[in-house]
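Novice: I'm passing along upload-v8.txt; it holds compact mmCIF, C-alpha atoms.
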# COMPACT_ATOMS: atom_id res chain seq x y z
CA MET A 1 0.00 0.00 0.00
CA ALA A 2 1.26 3.48 -0.81
CA THR A 3 3.17 5.09 2.03
CA ASN A 4 1.81 8.56 1.33
CA TYR A 5 -1.75 7.26 1.66
CA LEU A 6 -0.90 5.58 4.96
CA LYS A 7 0.84 8.70 6.22
CA HIS A 8 -2.45 10.59 5.90
CA THR A 9 -4.88 7.90 7.00
CA VAL A 10 -3.11 6.35 9.98
CA ALA A 11 -4.13 8.94 12.58
CA ASP A 12 -3.34 8.74 16.31
CA SER A 13 -6.64 6.92 16.97
CA VAL A 14 -5.67 4.28 14.38
CA ARG A 15 -2.19 3.90 15.91
CA LYS A 16 -3.73 3.41 19.36
CA ALA A 17 -6.08 0.72 18.00
CA GLN A 18 -3.16 -1.04 16.27
CA GLU A 19 -1.14 -0.94 19.48
CA HIS A 20 -4.10 -2.22 21.51
CA TYR A 21 -4.89 -5.16 19.23
CA PHE A 22 -1.45 -5.99 17.78
CA GLY A 23 1.01 -4.62 20.34
CA SER A 24 2.63 -2.12 17.97
CA SER A 25 1.97 0.41 15.25
CA PRO A 26 4.40 0.77 12.35
CA ARG A 27 5.62 4.33 11.79
CA ILE A 28 5.43 5.81 8.32
CA THR A 29 8.57 7.80 7.50
CA GLY A 30 10.00 9.24 4.33
CA ALA A 31 6.73 9.19 2.39
CA PRO A 32 6.95 11.02 -0.96
CA ASP A 33 4.73 14.01 -1.68
CA ARG A 34 2.96 11.87 -4.29
CA ASP A 35 3.09 8.16 -4.95
CA ALA A 36 3.75 7.29 -8.59
CA LEU A 37 1.35 4.90 -10.34
CA THR A 38 2.77 1.48 -11.12
CA GLU A 39 2.50 -0.24 -14.50
CA ASP A 40 -0.16 -2.62 -13.11
CA GLU A 41 -2.21 0.32 -11.81
CA THR A 42 -1.90 2.13 -15.15
CA THR A 43 -3.11 -0.96 -17.03
CA PHE A 44 -6.05 -1.30 -14.62
CA ILE A 45 -7.01 2.37 -15.04
CA HIS A 46 -6.91 2.22 -18.86
CA ALA A 47 -9.36 -0.73 -18.82
CA ARG A 48 -12.00 1.13 -16.74
CA ASP A 49 -15.26 2.37 -18.22
CA SER A 50 -16.31 4.05 -14.99
CA CYS A 51 -14.83 5.88 -12.01
CA TYR A 52 -15.83 8.15 -9.16
CA VAL A 53 -14.43 11.57 -8.35
CA ALA A 54 -14.50 12.43 -4.65
CA THR A 55 -13.90 15.88 -3.17
CA VAL A 56 -14.57 17.56 0.17
CA SER A 57 -16.08 21.02 0.62
CA GLU A 58 -14.56 23.79 2.73
CA ASN A 59 -16.87 22.81 5.59
CA GLY A 60 -15.84 19.13 5.39
CA TRP A 61 -18.86 17.81 3.47
CA PRO A 62 -17.98 14.98 1.03
CA TYR A 63 -19.15 15.06 -2.57
CA ILE A 64 -18.86 12.16 -5.02
CA GLN A 65 -19.56 12.17 -8.75
CA HIS A 66 -19.67 9.31 -11.24
CA ARG A 67 -17.75 9.58 -14.50
CA GLY A 68 -17.96 7.05 -17.28
CA GLY A 69 -17.37 6.33 -20.94
CA ARG A 70 -15.84 3.69 -23.14
CA ALA A 71 -12.94 1.73 -21.71
CA GLY A 72 -9.92 4.00 -21.96
CA PHE A 73 -11.80 7.25 -21.31
CA LEU A 74 -9.72 7.59 -18.15
CA ARG A 75 -6.12 8.28 -19.16
CA VAL A 76 -2.82 8.23 -17.34
CA LEU A 77 -0.84 11.29 -18.49
CA ASN A 78 2.17 10.45 -16.34
CA PRO A 79 2.80 8.33 -13.21
CA GLN A 80 1.13 10.98 -11.03
CA THR A 81 -1.62 12.47 -13.23
CA LEU A 82 -4.97 11.18 -14.48
CA ALA A 83 -7.18 12.88 -17.08
CA PHE A 84 -10.63 12.43 -18.59
CA ALA A 85 -12.92 14.47 -20.81
CA ASP A 86 -15.25 16.61 -18.74
CA TYR A 87 -18.63 17.40 -20.28
CA ARG A 88 -20.98 20.09 -19.11
CA GLY A 89 -23.45 18.77 -16.61
CA ASN A 90 -25.82 20.57 -14.29
CA ARG A 91 -23.56 23.64 -13.97
CA GLN A 92 -23.30 23.37 -10.20
CA MET A 93 -19.46 23.19 -10.29
CA LEU A 94 -19.37 21.44 -6.90
CA SER A 95 -16.24 19.35 -7.54
CA THR A 96 -14.42 22.28 -9.19
CA GLY A 97 -15.19 24.57 -6.27
CA ASN A 98 -14.16 21.94 -3.74
CA VAL A 99 -10.82 21.32 -5.47
CA ARG A 100 -10.09 25.06 -5.64
CA ALA A 101 -10.76 25.46 -1.92
Let me see the structure of the file written as structure tokens.

Specialist:
Amino acid sequence: MATNYLKHTVADSVRKAQEHYFGSSPRITGAPDRDALTEDETTFIHARDSCYVATVSENGWPYIQHRGGRAGFLRVLNPQTLAFADYRGNRQMLSTGNVRA
């Protein structure tokens, strides 16, 4: 599992639970700013015909949108960047606003 992901998700409460149930909690050190996608992950992504985009608003409210198309609509531009065509929807701009904040 990606170390950067673990660095952000293994909070103190998680560490305490790990220590309680397993006697220790591994420390995450030296995590990169961004984890690069592997070749297997890239192949998996290119085969998808559907994905979900999740963002969080300024007040902490989650928002999830479905995106879909023919297999390959979701592209890997480089080991750290995904892209897909974005078509006009309901003009609410919720995800865009959340990402900007």

Novice: Using only C-alpha atoms, which residues sit within 9 Å of region 80-88 of chain A once same-chain residues fewer than 6 positions away are excluded, as number ranges by chain?

Specialist: A: 34-37, 67, 73-74

Novice: What is the distance, in Å and to one decimal place, between CA of Val53 (chain A) and CA of His66 (chain A)?

Specialist: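 According to the coordinates, CA of Val53 (chain A) and CA of His66 (chain A) are separated by 6.4 Å.
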
Novice: Between CA of Asp49 (chain A) and CA of Val99 (chain A), what is the distance in Å, rounded to a tenth?

Specialist: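 Distance reported for this atom pair: 23.3 Å.
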
Novice: Check the smallest atom-to-atom distance from each of A:Asp12, A:Thr55, A:Tyr21, A:Leu6 to Thr96 (chain A) using only C-alpha atoms, then report the winner.

Specialist: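 With only C-alpha atoms as the atom set, the closest residue is A:Thr55.
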
Novice: Which protein, DNA or RNA residues are at most 12 Å from (-16.6, 20.1, 2.6) in the file's coordinates when you count all atoms listed in the file, listed as an MDAnalysis selection string?

Specialist: chainID A and resid 54:64 94:95 97:101

Novice: Find the residues around region 15-17 of chain A up to 10 Å (only C-alpha atoms counted), leave out those fewer than 6 positions away in its own chain, and share them as a list of chain:residue names.

Specialist: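 These residues fall inside the cut-off: A:Gly23, A:Ser24, A:Ser25, A:Pro26, A:Arg27.
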
Novice: Which residue gives the smallest distance to Leu77 (chain A) among A:His8, A:Asp40, A:Glu19, A:His46, with all atoms listed in the file counted?

Specialist: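 Once distances to Leu77 (chain A) are computed over all atoms listed in the file, the minimum belongs to A:His46.
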
Novice: Could you check how far CA of Cys51 (chain A) sits from CA of Ala71 (chain A), in Å to one decimal?

Specialist: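 A separation of 10.7 Å between them.
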
Novice: For Val10 (chain A), which residue out of A:Tyr52, A:Thr43, A:Ile28, A:Phe22 is the nearest one, using all atoms listed in the file?

Specialist: A:Ile28

Novice: Check the smallest atom-to-atom distance from each of A:Gly89, A:Ile45, A:Ser50, A:Tyr5 to Arg75 (chain A) using only C-alpha atoms, then report the winner.

Specialist: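 Using only C-alpha atoms, Arg75 (chain A) sits closest to A:Ile45.
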
Novice: Using only the atoms of region 18-30 of chain A listed in the file, plus 4 Å on each side, state the axis-aligned box centre and edge lengths in Å rounded to one decimal, as JSON.

Specialist:
{"center_x": 2.6, "center_y": 1.6, "center_z": 12.9, "size_x": 22.9, "size_y": 23.2, "size_z": 25.2}

Novice: Quick one: of A:Gly68, A:Val76, A:Thr9, A:Val14, who's nearest to Thr42 (chain A), counting all atoms listed in the file?

Specialist: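 Ranking A:Gly68, A:Val76, A:Thr9, A:Val14 by distance to Thr42 (chain A), first place goes to A:Val76.
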